[in-house]
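> Got a file for you: upload_24.txt, compact mmCIF, C-alpha atoms.
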```txt
# COMPACT_ATOMS: atom_id res chain seq x y z
CA ARG Y 1 53.01 198.93 104.00
CA LEU Y 2 54.09 197.66 100.56
CA ILE Y 3 57.24 196.79 98.64
CA LEU Y 4 57.15 198.00 95.03
CA LEU Y 5 59.68 196.70 92.52
CA ASN Y 6 60.17 197.24 88.81
CA GLU Y 7 62.14 194.01 88.57
CA ASP Y 8 62.43 191.11 90.98
CA VAL Y 9 65.01 188.83 89.36
CA THR Y 10 68.42 190.47 89.71
CA ALA Y 11 70.20 190.45 93.07
CA THR Y 12 68.77 193.57 94.71
CA GLY Y 13 65.18 193.14 93.55
CA ARG Y 14 65.03 189.44 94.35
CA LEU Y 15 66.57 189.99 97.79
CA LEU Y 16 64.04 192.72 98.62
CA ALA Y 17 61.18 190.49 97.47
CA ALA Y 18 62.50 187.72 99.76
CA TRP Y 19 62.82 190.19 102.66
CA ALA Y 20 59.22 191.29 102.14
CA ARG Y 21 58.04 187.68 102.19
CA ALA Y 22 60.01 186.95 105.38
CA HIS Y 23 58.53 189.98 107.11
CA THR Y 24 54.98 189.41 105.78
CA VAL Y 25 55.08 192.70 103.92
CA PRO Y 26 53.05 192.56 100.68
CA SER Y 27 55.05 193.03 97.47
CA LEU Y 28 54.09 194.07 93.96
CA LEU Y 29 56.05 194.00 90.72
CA LEU Y 30 55.29 196.94 88.45
CA GLN Y 31 56.58 195.39 85.25
CA HIS Y 32 58.87 197.77 83.35
CA GLY Y 33 58.34 196.18 79.95
CA VAL Y 34 56.25 193.73 77.99
CA GLN Y 35 57.62 190.25 78.72
CA LEU Y 36 58.37 189.48 75.08
CA SER Y 37 60.79 186.62 75.67
CA THR Y 38 60.58 183.32 77.51
CA ALA Y 39 61.01 183.60 81.30
CA TYR Y 40 64.35 181.80 81.36
CA THR Y 41 67.20 181.28 83.92
CA VAL Y 42 67.30 184.34 86.23
CA HIS Y 43 63.92 185.44 84.86
CA GLY Y 44 62.31 182.07 85.54
CA GLY Y 45 59.87 183.03 88.25
CA LEU Y 46 57.72 185.67 89.88
CA TYR Y 47 59.13 186.47 93.32
CA THR Y 48 56.72 189.20 94.39
CA ASP Y 49 53.21 188.40 95.60
CA LYS Y 50 51.59 189.95 92.54
CA ALA Y 51 52.59 191.64 89.29
CA ALA Y 52 51.10 194.47 87.29
CA ILE Y 53 51.41 193.27 83.69
CA PHE Y 54 51.06 195.45 80.61
CA GLY Y 55 48.90 192.98 78.70
CA GLY Y 56 48.09 189.40 77.84
CA ARG Y 57 51.32 189.01 75.86
CA GLY Y 58 53.37 189.85 78.95
CA ALA Y 59 51.41 187.36 81.04
CA GLU Y 60 52.12 184.43 78.70
CA ALA Y 61 55.73 183.98 79.84
CA TYR Y 62 54.66 183.72 83.48
CA LEU Y 63 51.74 181.40 82.76
CA ASP Y 64 54.04 179.14 80.72
CA ILE Y 65 56.25 178.53 83.78
CA GLY Y 66 53.31 177.86 86.09
CA VAL Y 67 52.68 181.20 87.79
CA ALA Y 68 49.09 181.25 89.06
CA PRO Y 69 46.86 183.56 86.97
CA GLU Y 70 45.47 185.25 90.08
CA ARG Y 71 48.96 186.68 90.79
CA LEU Y 72 48.92 188.54 87.47
CA GLN Y 73 46.92 191.73 87.02
CA LEU Y 74 46.56 193.26 83.55
CA THR Y 75 46.86 197.02 83.94
CA GLY Y 76 48.49 198.44 80.81
CA ASN Y 77 51.54 200.66 81.01
CA PRO Y 78 50.88 204.08 82.62
CA ALA Y 79 53.78 205.53 80.64
CA TRP Y 80 51.82 204.88 77.44
CA ASP Y 81 48.56 206.51 78.54
CA GLY Y 82 49.42 209.61 76.52
CA TYR Y 83 49.68 207.94 73.12
CA PRO Y 84 46.11 208.77 71.96
CA GLN Y 85 46.85 212.47 72.49
CA LYS Y 86 50.21 212.10 70.76
CA VAL Y 87 48.59 210.41 67.77
CA ALA Y 88 46.01 213.19 67.51
CA ALA Y 89 48.86 215.70 67.35
CA ARG Y 90 50.96 213.62 64.94
CA ASP Y 91 51.33 216.29 62.24
CA SER Y 92 52.36 219.07 64.59
CA ILE Y 93 54.81 216.79 66.44
CA ARG Y 94 56.38 215.77 63.13
CA GLN Y 95 56.69 219.38 62.01
CA SER Y 96 58.28 220.34 65.31
CA LEU Y 97 60.87 217.54 65.24
CA CYS Y 98 61.74 218.27 61.62
CA ARG Y 99 62.36 221.92 62.43
CA GLN Y 100 64.46 220.99 65.44
CA PHE Y 101 66.64 218.45 63.61
CA ASN Y 102 66.65 220.05 60.16
CA LEU Y 103 64.65 217.26 58.50
CA ASP Y 104 62.18 217.44 55.62
CA ALA Y 105 58.64 216.71 56.81
CA GLY Y 106 57.71 215.72 53.25
CA ARG Y 107 60.17 212.81 53.12
CA PRO Y 108 59.84 209.46 54.94
CA ILE Y 109 61.41 209.18 58.39
CA VAL Y 110 62.81 205.77 59.30
CA MET Y 111 63.80 205.29 62.94
CA PHE Y 112 66.05 202.58 64.34
CA GLY Y 113 65.79 201.83 68.06
CA THR Y 114 69.06 200.49 69.45
CA THR Y 115 69.26 197.53 71.80
CA TRP Y 116 71.81 196.50 74.40
CA SER Y 117 73.05 193.53 76.40
CA ALA Y 118 72.63 193.39 80.17
CA ASN Y 119 74.98 190.36 80.28
CA LEU Y 120 72.81 188.64 82.89
CA THR Y 121 73.01 185.17 81.36
CA ALA Y 122 74.99 183.09 78.89
CA PHE Y 123 72.35 183.87 76.26
CA CYS Y 124 73.44 187.51 76.09
CA ASP Y 125 75.47 188.81 73.16
CA GLU Y 126 77.65 191.78 74.07
CA HIS Y 127 78.02 192.64 70.36
CA VAL Y 128 74.28 192.99 69.76
CA TYR Y 129 74.37 196.82 69.86
CA GLY Y 130 76.85 197.18 67.02
CA ASP Y 131 75.70 194.18 64.99
CA THR Y 132 72.06 195.27 64.78
CA LEU Y 133 72.96 198.91 64.17
CA ARG Y 134 75.23 197.81 61.34
CA ALA Y 135 72.43 195.76 59.78
CA PHE Y 136 70.21 198.84 59.77
CA ILE Y 137 72.90 201.11 58.28
CA ARG Y 138 73.69 198.51 55.60
CA SER Y 139 70.08 198.69 54.42
CA ILE Y 140 70.29 202.37 53.49
CA PRO Y 141 71.80 201.93 50.00
CA ALA Y 142 69.08 199.41 49.06
CA LEU Y 143 66.36 201.94 49.83
CA ALA Y 144 68.14 204.64 47.88
CA GLY Y 145 68.45 202.21 44.95
CA HIS Y 146 64.65 201.87 44.92
CA GLY Y 147 64.23 205.62 44.79
CA ILE Y 148 63.17 205.97 48.42
CA ALA Y 149 64.59 209.28 49.69
CA ALA Y 150 64.21 208.42 53.36
CA GLN Y 151 65.71 210.18 56.37
CA TYR Y 152 67.28 207.96 59.00
CA VAL Y 153 67.08 208.50 62.76
CA ILE Y 154 68.97 206.46 65.33
CA LYS Y 155 67.05 206.53 68.61
CA ASP Y 156 69.49 205.52 71.35
CA ARG Y 157 69.12 205.11 75.08
CA PRO Y 158 70.45 208.01 77.18
CA THR Y 159 72.75 205.54 78.97
CA ASN Y 160 74.46 204.76 75.65
CA ALA Y 161 74.98 208.37 74.60
CA HIS Y 162 78.56 208.49 75.89
CA PHE Y 163 79.65 206.07 73.17
CA GLY Y 164 76.70 205.95 70.76
CA THR Y 165 77.61 208.99 68.66
CA ASP Y 166 81.13 207.75 67.89
CA ARG Y 167 79.91 204.18 67.36
CA TYR Y 168 77.29 204.95 64.70
CA ARG Y 169 79.71 207.23 62.85
CA GLN Y 170 82.36 204.53 62.91
CA ILE Y 171 79.97 201.87 61.55
CA ALA Y 172 78.63 204.20 58.85
CA SER Y 173 82.14 205.04 57.69
CA GLU Y 174 83.10 201.35 57.62
CA GLU Y 175 80.02 200.65 55.47
CA GLY Y 176 80.89 203.50 53.06
CA ILE Y 177 77.95 205.67 54.14
CA ASP Y 178 78.20 209.33 55.03
CA PRO Y 179 77.33 209.63 58.77
CA ALA Y 180 75.64 212.94 57.93
CA VAL Y 181 72.64 211.06 56.49
CA LEU Y 182 71.90 209.77 60.00
CA THR Y 183 70.36 211.77 62.84
CA TYR Y 184 71.29 210.59 66.33
CA VAL Y 185 68.85 211.24 69.22
CA ASP Y 186 68.42 209.91 72.76
CA SER Y 187 65.18 211.52 73.96
CA ASN Y 188 61.54 212.25 73.01
CA THR Y 189 60.81 208.59 72.29
CA GLU Y 190 57.03 208.93 72.03
CA ASP Y 191 57.31 211.93 69.70
CA TRP Y 192 59.63 210.06 67.36
CA VAL Y 193 57.35 207.00 67.41
CA VAL Y 194 54.32 208.97 66.21
CA ALA Y 195 56.34 211.16 63.80
CA SER Y 196 58.14 208.33 61.98
CA ASP Y 197 56.93 206.47 58.88
CA LEU Y 198 58.70 203.24 59.84
CA ILE Y 199 60.33 201.90 63.00
CA VAL Y 200 62.97 199.19 63.16
CA ALA Y 201 63.65 197.74 66.62
CA VAL Y 202 65.21 194.66 68.18
CA ASP Y 203 62.92 192.53 70.39
CA SER Y 204 61.82 195.80 71.92
CA ASN Y 205 58.89 197.50 73.61
CA LEU Y 206 59.46 200.19 70.98
CA SER Y 207 57.53 198.01 68.52
CA VAL Y 208 54.65 197.83 71.00
CA GLU Y 209 54.67 201.62 71.16
CA ALA Y 210 54.58 201.60 67.37
CA MET Y 211 51.46 199.43 67.55
CA LEU Y 212 49.82 201.98 69.84
CA ALA Y 213 50.79 204.81 67.49
CA GLY Y 214 49.86 203.00 64.27
CA THR Y 215 53.39 203.36 62.92
CA PRO Y 216 54.55 200.35 60.85
CA SER Y 217 57.30 198.44 62.63
CA ILE Y 218 59.89 195.78 61.89
CA ASN Y 219 61.38 193.53 64.55
CA LEU Y 220 64.98 192.78 63.59
CA MET Y 221 65.58 189.28 64.90
CA ASN Y 222 68.96 188.26 66.29
CA GLU Y 223 70.57 185.09 67.55
CA THR Y 224 69.49 185.59 71.17
CA GLY Y 225 65.95 186.48 70.20
CA MET Y 226 65.60 183.41 68.00
CA LEU Y 227 66.82 181.16 70.80
CA LEU Y 228 64.17 182.54 73.11
CA GLY Y 229 61.34 182.43 70.60
CA PRO Y 230 59.51 185.08 68.55
CA SER Y 231 58.73 188.33 70.31
CA PHE Y 232 55.62 189.09 68.24
CA ASP Y 233 52.83 186.79 67.14
CA GLY Y 234 51.99 186.40 63.47
CA GLU Y 235 48.88 188.57 63.68
CA SER Y 236 50.55 191.45 65.55
CA GLY Y 237 51.29 193.42 62.41
CA VAL Y 238 54.92 193.75 63.48
CA VAL Y 239 57.05 192.27 60.69
CA GLU Y 240 59.79 189.97 62.00
CA VAL Y 241 62.84 189.54 59.79
CA GLU Y 242 66.42 188.35 59.91
CA GLN Y 243 69.23 190.70 58.95
CA HIS Y 244 69.39 189.70 55.28
CA GLN Y 245 65.62 190.28 54.96
CA LEU Y 246 65.67 193.76 56.50
CA PRO Y 247 66.20 195.89 53.35
CA GLY Y 248 63.37 194.14 51.48
CA ALA Y 249 60.94 194.53 54.37
CA MET Y 250 61.80 198.23 54.77
CA ILE Y 251 61.29 198.85 51.05
CA ALA Y 252 57.96 196.99 51.05
CA LEU Y 253 56.53 198.86 54.03
CA LEU Y 254 57.52 202.20 52.55
CA SER Y 255 56.44 201.56 48.97
CA ASP Y 256 53.60 198.98 49.04
CA ALA Y 257 50.66 201.02 50.34
CA ALA Y 258 48.27 198.05 50.47
CA TRP Y 259 50.61 195.84 52.51
CA ARG Y 260 51.49 198.75 54.78
CA GLU Y 261 47.81 199.37 55.50
CA GLN Y 262 47.22 195.68 56.12
CA MET Y 263 49.98 195.62 58.74
CA GLN Y 264 48.62 198.77 60.38
CA GLN Y 265 45.17 197.23 60.64
CA LYS Y 266 46.62 194.13 62.30
CA MET Y 267 48.55 196.31 64.74
CA ALA Y 268 45.41 198.22 65.69
CA VAL Y 269 43.51 194.99 66.43
CA ARG Y 270 46.32 193.26 68.31
CA ALA Y 271 47.65 196.23 70.31
CA VAL Y 272 45.31 195.52 73.23
CA HIS Y 273 46.93 192.10 73.68
CA TYR Y 274 50.29 193.79 74.26
CA ASN Y 275 49.01 196.74 76.28
CA HIS Y 276 45.72 196.25 78.11
CA ARG Y 277 43.08 198.86 77.39
CA GLY Y 278 40.02 199.56 79.50
CA ASP Y 279 37.60 202.31 80.40
CA ARG Y 280 40.21 203.99 82.63
CA PRO Y 281 43.84 204.99 82.11
CA ALA Y 282 46.48 202.45 83.07
CA ALA Y 283 47.72 204.83 85.77
CA ALA Y 284 44.36 204.58 87.54
CA ARG Y 285 44.39 200.78 87.36
CA VAL Y 286 47.93 200.62 88.76
CA ALA Y 287 47.05 203.06 91.54
CA GLU Y 288 44.04 200.93 92.50
CA LEU Y 289 46.18 197.78 92.53
CA VAL Y 290 48.79 199.48 94.73
CA ALA Y 291 46.05 200.54 97.16
CA VAL Y 292 44.61 197.01 97.35
CA CYS Y 293 47.96 195.22 97.68
CA GLY Y 294 49.19 197.65 100.32
CA ARG Y 295 45.89 197.47 102.21
CA PHE Y 296 45.67 201.24 102.24
CA ASP Y 297 42.46 202.47 103.82
CA ALA Y 298 41.22 205.40 101.81
CA SER Y 299 39.30 206.75 104.80
CA GLU Y 300 42.59 207.12 106.70
CA GLN Y 301 44.58 208.45 103.78
CA ARG Y 302 46.53 211.59 104.50
CA HIS Y 303 48.40 213.67 101.98
CA VAL Y 304 52.14 214.11 102.35
CA TRP Y 305 51.72 217.83 103.02
CA GLN Y 306 49.31 217.04 105.85
CA GLN Y 307 51.77 214.62 107.39
CA TYR Y 308 54.59 217.16 107.37
CA LEU Y 309 52.44 220.00 108.68
CA ASP Y 310 51.57 217.94 111.74
CA VAL Y 311 54.57 219.06 113.76
CA GLU Y 312 52.88 219.94 117.05
CA GLU Y 313 54.56 217.20 119.06
CA THR Y 314 57.98 216.81 117.39
CA ASP Y 315 61.23 217.34 119.27
CA ALA Y 316 62.01 221.05 119.76
CA THR Y 317 65.79 220.67 119.67
CA GLY Y 318 68.11 221.30 116.74
CA TYR Y 319 66.32 223.26 114.03
CA HIS Y 320 64.02 225.05 116.49
CA GLU Y 321 66.95 226.53 118.45
CA GLY Y 322 68.05 228.83 115.61
CA ALA Y 323 68.36 232.60 116.01
CA ARG Y 324 68.28 234.92 112.98
CA GLY Y 325 70.25 237.93 114.07
CA ASP Y 326 70.67 238.91 110.42
CA LEU Y 327 66.92 239.49 110.16
CA VAL Y 328 66.77 241.49 113.39
CA ALA Y 329 69.53 243.74 112.00
CA MET Y 330 67.26 244.68 109.10
CA PHE Y 331 64.86 246.66 111.29
CA THR Y 332 65.40 250.42 111.03
CA ASN Y 333 62.18 251.73 112.61
CA GLN Y 334 62.95 251.00 116.30
CA PRO Y 335 60.10 248.46 116.64
CA ARG Y 336 58.09 248.41 119.88
CA PHE Y 337 55.56 245.62 119.17
CA VAL Y 338 56.79 242.68 117.08
CA LEU Y 339 55.06 239.46 116.05
CA ASP Y 340 57.33 236.52 115.11
CA ILE Y 341 55.22 234.10 113.03
CA GLY Y 342 56.76 230.65 113.31
CA CYS Y 343 58.96 231.72 116.21
CA ALA Y 344 60.27 228.17 116.91
CA ALA Y 345 61.99 228.19 120.33
CA GLY Y 346 62.12 231.98 120.41
CA GLY Y 347 65.80 232.41 119.53
CA THR Y 348 65.24 235.23 117.05
CA GLY Y 349 62.81 237.04 119.35
CA ALA Y 350 65.35 236.83 122.18
CA VAL Y 351 67.97 238.53 119.99
CA LEU Y 352 65.42 241.22 119.09
CA LYS Y 353 64.62 241.89 122.77
CA GLN Y 354 68.33 242.27 123.50
CA GLN Y 355 68.68 244.85 120.74
CA TYR Y 356 65.38 246.61 121.51
CA PRO Y 357 64.83 246.19 125.29
CA GLN Y 358 61.60 248.24 125.21
CA ALA Y 359 60.05 246.04 122.49
CA GLN Y 360 57.25 243.63 123.26
CA VAL Y 361 57.73 240.41 121.23
CA TRP Y 362 54.97 237.88 120.66
CA GLY Y 363 55.32 234.60 118.83
CA ILE Y 364 53.12 232.11 117.00
CA GLU Y 365 54.38 228.51 116.82
CA THR Y 366 52.72 225.20 115.83
CA ASN Y 367 55.19 222.97 117.66
CA ARG Y 368 54.13 222.74 121.30
CA ALA Y 369 57.55 221.76 122.61
CA ALA Y 370 59.24 224.65 120.81
CA ALA Y 371 56.49 227.04 121.90
CA GLY Y 372 57.10 226.02 125.52
CA VAL Y 373 60.72 227.06 125.25
CA ALA Y 374 59.79 230.27 123.40
CA ALA Y 375 57.39 231.21 126.20
CA THR Y 376 60.38 231.57 128.56
CA ARG Y 377 62.01 234.08 126.19
CA LEU Y 378 59.15 236.07 124.65
CA ASP Y 379 56.30 238.09 126.13
CA LYS Y 380 53.56 235.82 124.81
CA VAL Y 381 53.38 232.76 122.55
CA LEU Y 382 50.26 231.54 120.72
CA VAL Y 383 50.37 227.79 120.02
CA GLY Y 384 48.89 226.82 116.65
CA LYS Y 385 48.75 227.98 113.05
CA PHE Y 386 48.53 231.68 112.19
CA GLU Y 387 45.37 231.04 110.16
CA GLU Y 388 43.61 229.65 113.24
CA PHE Y 389 43.84 232.84 115.34
CA ASP Y 390 41.74 235.99 115.57
CA LEU Y 391 44.65 238.31 116.41
CA GLU Y 392 42.36 241.06 117.73
CA ALA Y 393 40.67 238.64 120.11
CA GLU Y 394 44.12 237.50 121.28
CA GLY Y 395 45.05 241.10 122.20
CA ILE Y 396 46.72 242.46 119.06
CA ALA Y 397 44.89 245.63 118.07
CA LYS Y 398 44.63 246.56 114.41
CA GLY Y 399 47.36 248.98 113.38
CA SER Y 400 49.50 248.13 116.44
CA LEU Y 401 52.26 245.94 114.97
CA ASP Y 402 55.32 247.87 113.83
CA GLY Y 403 57.41 244.75 113.31
CA VAL Y 404 56.68 241.28 111.92
CA ILE Y 405 59.17 238.46 111.32
CA VAL Y 406 58.23 235.60 108.98
CA ALA Y 407 61.42 233.53 108.79
CA ASP Y 408 61.33 230.46 106.54
CA VAL Y 409 57.61 230.00 107.22
CA LEU Y 410 55.58 231.28 104.25
CA GLU Y 411 56.66 228.40 102.01
CA HIS Y 412 55.10 225.96 104.52
CA MET Y 413 51.71 227.64 104.54
CA TYR Y 414 48.70 226.51 102.55
CA ASN Y 415 48.03 230.00 101.13
CA PRO Y 416 50.93 232.40 101.84
CA TRP Y 417 49.29 235.32 100.05
CA ALA Y 418 46.13 235.03 102.14
CA VAL Y 419 48.31 235.15 105.26
CA MET Y 420 49.91 238.40 104.13
CA VAL Y 421 46.53 239.95 103.29
CA ALA Y 422 45.13 238.92 106.69
CA LEU Y 423 48.17 240.43 108.42
CA GLN Y 424 47.92 243.82 106.69
CA PRO Y 425 45.20 245.43 108.90
CA TYR Y 426 47.33 244.84 112.00
CA LEU Y 427 50.34 246.79 110.67
CA SER Y 428 51.10 250.32 111.80
CA ILE Y 429 51.95 253.01 109.24
CA THR Y 430 55.68 252.58 110.06
CA ALA Y 431 55.61 248.79 110.22
CA GLN Y 432 58.34 246.71 108.67
CA VAL Y 433 57.77 243.07 107.72
CA ILE Y 434 60.96 241.03 107.49
CA ILE Y 435 60.53 237.87 105.39
CA SER Y 436 63.02 235.09 104.72
CA ILE Y 437 62.25 232.52 102.03
CA PRO Y 438 64.70 229.71 101.14
CA ASN Y 439 66.04 229.75 97.60
CA VAL Y 440 66.25 226.07 96.66
CA ARG Y 441 68.16 226.95 93.49
CA ASN Y 442 71.03 228.30 95.59
CA LEU Y 443 71.36 226.04 98.61
CA LYS Y 444 74.69 227.60 99.63
```
What is this structure when it is put down as structure tokens?

Amino acid sequence: RLILLNEDVTATGRLLAAWARAHTVPSLLLQHGVQLSTAYTVHGGLYTDKAAIFGGRGAEAYLDIGVAPERLQLTGNPAWDGYPQKVAARDSIRQSLCRQFNLDAGRPIVMFGTTWSANLTAFCDEHVYGDTLRAFIRSIPALAGHGIAAQYVIKDRPTNAHFGTDRYRQIASEEGIDPAVLTYVDSNTEDWVVASDLIVAVDSNLSVEAMLAGTPSINLMNETGMLLGPSFDGESGVVEVEQHQLPGAMIALLSDAAWREQMQQKMAVRAVHYNHRGDRPAAARVAELVAVCGRFDASEQRHVWQQYLDVEETDATGYHEGARGDLVAMFTNQPRFVLDIGCAAGGTGAVLKQQYPQAQVWGIETNRAAAGVAATRLDKVLVGKFEEFDLEAEGIAKGSLDGVIVADVLEHMYNPWAVMVALQPYLSITAQVIISIPNVRNLK
């Protein structure tokens, strides 16, 4: 019905977008970041039919290369819908993180968000991770010299964690700084954004998140970023600096209250340009766009659980042929009237009749093909869902069942507890109910 991509420019995404076009399947790009840089080389186009764009800033790169405006839909980023709640809980989040990482909530927290190189084009700089991290670490003595007793957090990507810890310690040692003054983390991004007093990032969506949280932010420019043009406009409130300007900007934002407030006010005004805001959450806008692009008819919509409960006509081979002799062996009361709920093709009931030849075994089964096979093995088979039957009307008197098997069935039912309650009046005083429920935590 619809091809969804989170990028359409590298080999796999672009190929799938082309396949969709060739097969007249609609396609939609759910942008995974604000398009802060120029749409250059491999990024120089929109290959899906439409794109869900975070905000006006992300649309600019596409409009600049001639993409028709009607192919761009401003939705905002669903992943950022929770920021208002995070901001409201700022103090408690800060206290929690400080307890967890042994920080002082009364001292400034400065967070550096690492960057990386995907090496997709000749513009990329494979040294950008270490070079920008070094620039941040080099700024620490300058802040201390101005009497700013800040605490420094390095927020890395989980994919970098296998080398990030050793790398930041190595750089700190080379710069004559005790690595212990740095806290290294790779999770809880939103919490750190709202808990920090200052964020330093590198041409990153992290600065957009800072705008949403009202946390002052610095964009550390680098050679690649300067070639591609500024990431943030002059009124964004995000301060863009080169490496030699970084210490001064950090000191100013932490010590000059008036300038800090001015930047925060600009961020609050301009945030909507980077992440669209409307009367509904971004998730709702994206969901609506998906429904429209995929031509999904809401009147025909069926939930996944409904789809997988509709098993009346599926093939009765394979799974349905199972026999649970282990469950039959659990009976100790010499059952004479047994109901197998979800009897499949009757394999378990057949084993029970072999062991207890005098027993009458009935089954209930939703799959018609399986029920047809079970009818040749059991005394009677009701075709449908347990909840649909009046057992007494079908010939099962109350208090008559002294055996019930419910093998790997309860977890498929809409209300398992209601099924057990409904079954209770039909049980004899010596009845045994044998239940098997899969344990997904122990698949063996």
> Excluding same-chain residues fewer than 5 positions from stretch 382-396 of chain Y, what lies within 8 Å of it counting only C-alpha atoms, as a list in words?
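Contacts, in chain order: Glu312, Ile341, Trp362, Gly363, Ile364, Glu365, Thr366, Asn367, Arg368, Ala371, Leu401, Val419 and Tyr426 of chain Y.
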> Set the distance at 8 Å and use all atoms listed in the file: which residues neighbour Y:Tyr62 once local chain neighbours fewer than 6 positions away are removed? I'd like the list as a PyMOL selection string.
chain Y and resi 39+45-46
> In Å, rounded to a single decimal, give me how far atom CA of Y:Leu246 is from atom CA of Y:Met263.
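Spanning atom CA of Y:Met263 to atom CA of Y:Leu246 is a straight-line distance of 16.0 Å.
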> Report as a PDB file with C-alpha atoms, keeping the file's coordinate frame all protein, DNA and RNA residues lying within 10 Å of Y:Pro141, evaluated on all atoms listed in the file, omitting residues in the same chain fewer than 4 positions from it.

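Contents of out_30.pdb, freshly written:
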```
ATOM      1  CA  ILE Y 137      72.900 201.110  58.280  1.00  0.00           C
ATOM      2  CA  GLY Y 145      68.450 202.210  44.950  1.00  0.00           C
ATOM      3  CA  HIS Y 146      64.650 201.870  44.920  1.00  0.00           C
ATOM      4  CA  GLY Y 147      64.230 205.620  44.790  1.00  0.00           C
ATOM      5  CA  ILE Y 148      63.170 205.970  48.420  1.00  0.00           C
ATOM      6  CA  GLU Y 175      80.020 200.650  55.470  1.00  0.00           C
ATOM      7  CA  GLY Y 176      80.890 203.500  53.060  1.00  0.00           C
ATOM      8  CA  ILE Y 177      77.950 205.670  54.140  1.00  0.00           C
ATOM      9  CA  PRO Y 247      66.200 195.890  53.350  1.00  0.00           C
TER      10      PRO Y 247
END
```
> Return the single residue from Y:Ala150, Y:Leu339, Y:Val290, Y:Ala195 that is closest to Y:Ile251, with distances computed using only C-alpha atoms.
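Closest candidate: Y:Ala150.
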> To one decimal place in Å, what is the distance between atom CA of Y:Ala345 and atom CA of Y:Ala374?
4.3 Å
> When you look at Y:Ile437 with a cut-off of 12 Å (counting all atoms listed in the file), what residues show up, excluding the ones that are within fewer than 4 positions of it in the same chain? I need them as an NGL selection string.
:Y and (327 or 405-413 or 416 or 441-443)
> Between Y:Ala210, Y:Leu228, Y:Val381, Y:Ala283, which has the minimum distance to Y:Asp191 (counting all atoms listed in the file)?
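Ranked by minimum distance to Y:Asp191, first place goes to Y:Ala210.
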> Quick one: everything within 12 Å of Y:Glu174, counting only C-alpha atoms, minus sequence neighbours fewer than 6 positions away in the same chain. Send it as a list in words.
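The residues satisfying every condition are Arg134, Ile137, Arg138, Arg167 and Tyr168 of chain Y.
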> For the selection just defined, write its residues with C-alpha atoms to a file, as a tab-separated table (two decimals), keeping the file's coordinate frame.

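Writing the result to part15.tsv gives the following:
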```tsv
chain	number	residue	atom	x	y	z
Y	134	ARG	CA	75.23	197.81	61.34
Y	137	ILE	CA	72.90	201.11	58.28
Y	138	ARG	CA	73.69	198.51	55.60
Y	167	ARG	CA	79.91	204.18	67.36
Y	168	TYR	CA	77.29	204.95	64.70
```
> Find the distance between atom CA of Y:Gly82 and atom CA of Y:Val239 and write it in Å to one decimal.
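We find that atom CA of Y:Gly82 and atom CA of Y:Val239 lie 24.7 Å from each other.
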> Given all atoms listed in the file as the basis, pick out the residue of Y:Asn219, Y:Glu60, Y:Thr183, Y:Asn119 nearest to Y:Phe101.
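Among the listed residues, the smallest separation from Y:Phe101 belongs to Y:Thr183.
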> Using all atoms listed in the file, can you tell me which of Y:Val128, Y:Phe54, Y:Leu289, Y:Met221 comes closest to Y:Val241?
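Residue with the minimum atom-to-atom distance to Y:Val241: Y:Met221.
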> List every protein, DNA or RNA residue with an atom no more than 8 Å from (61.2, 192.2, 90.7) in the file's coordinates, counting all atoms listed in the file, and format the result as a PyMOL selection string.
chain Y and resi 5-10+13-14+17+29-31+46-48
> Restricted to C-alpha atoms, what would the selected residues look like written as an mmCIF file, in the coordinates of the input?

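Dumped everything to again.cif:
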```cif
data_model
loop_
_atom_site.group_PDB
_atom_site.id
_atom_site.type_symbol
_atom_site.label_atom_id
_atom_site.label_comp_id
_atom_site.auth_asym_id
_atom_site.auth_seq_id
_atom_site.Cartn_x
_atom_site.Cartn_y
_atom_site.Cartn_z
ATOM 1 C CA LEU Y 5 59.680 196.700 92.520
ATOM 2 C CA ASN Y 6 60.170 197.240 88.810
ATOM 3 C CA GLU Y 7 62.140 194.010 88.570
ATOM 4 C CA ASP Y 8 62.430 191.110 90.980
ATOM 5 C CA VAL Y 9 65.010 188.830 89.360
ATOM 6 C CA THR Y 10 68.420 190.470 89.710
ATOM 7 C CA GLY Y 13 65.180 193.140 93.550
ATOM 8 C CA ARG Y 14 65.030 189.440 94.350
ATOM 9 C CA ALA Y 17 61.180 190.490 97.470
ATOM 10 C CA LEU Y 29 56.050 194.000 90.720
ATOM 11 C CA LEU Y 30 55.290 196.940 88.450
ATOM 12 C CA GLN Y 31 56.580 195.390 85.250
ATOM 13 C CA LEU Y 46 57.720 185.670 89.880
ATOM 14 C CA TYR Y 47 59.130 186.470 93.320
ATOM 15 C CA THR Y 48 56.720 189.200 94.390
#
```
> Hey, which of Y:Trp259, Y:Tyr152, Y:Trp192, Y:Phe296 ends up closest to Y:Ala180? Count only C-alpha atoms.
Y:Tyr152
> Residues within 10 Å of (62.2, 237.8, 123.9), file coordinates, counting only C-alpha atoms: what are they? Give the list as a compact mmCIF listing (two decimals) with C-alpha atoms, in the coordinates of the input.

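File produced: point_7.txt:
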```txt
# COMPACT_ATOMS: atom_id res chain seq x y z
CA VAL Y 338 56.79 242.68 117.08
CA GLY Y 346 62.12 231.98 120.41
CA GLY Y 347 65.80 232.41 119.53
CA THR Y 348 65.24 235.23 117.05
CA GLY Y 349 62.81 237.04 119.35
CA ALA Y 350 65.35 236.83 122.18
CA VAL Y 351 67.97 238.53 119.99
CA LEU Y 352 65.42 241.22 119.09
CA LYS Y 353 64.62 241.89 122.77
CA GLN Y 354 68.33 242.27 123.50
CA TYR Y 356 65.38 246.61 121.51
CA PRO Y 357 64.83 246.19 125.29
CA ALA Y 359 60.05 246.04 122.49
CA GLN Y 360 57.25 243.63 123.26
CA VAL Y 361 57.73 240.41 121.23
CA TRP Y 362 54.97 237.88 120.66
CA GLY Y 363 55.32 234.60 118.83
CA ALA Y 374 59.79 230.27 123.40
CA ALA Y 375 57.39 231.21 126.20
CA THR Y 376 60.38 231.57 128.56
CA ARG Y 377 62.01 234.08 126.19
CA LEU Y 378 59.15 236.07 124.65
CA ASP Y 379 56.30 238.09 126.13
CA LYS Y 380 53.56 235.82 124.81
```
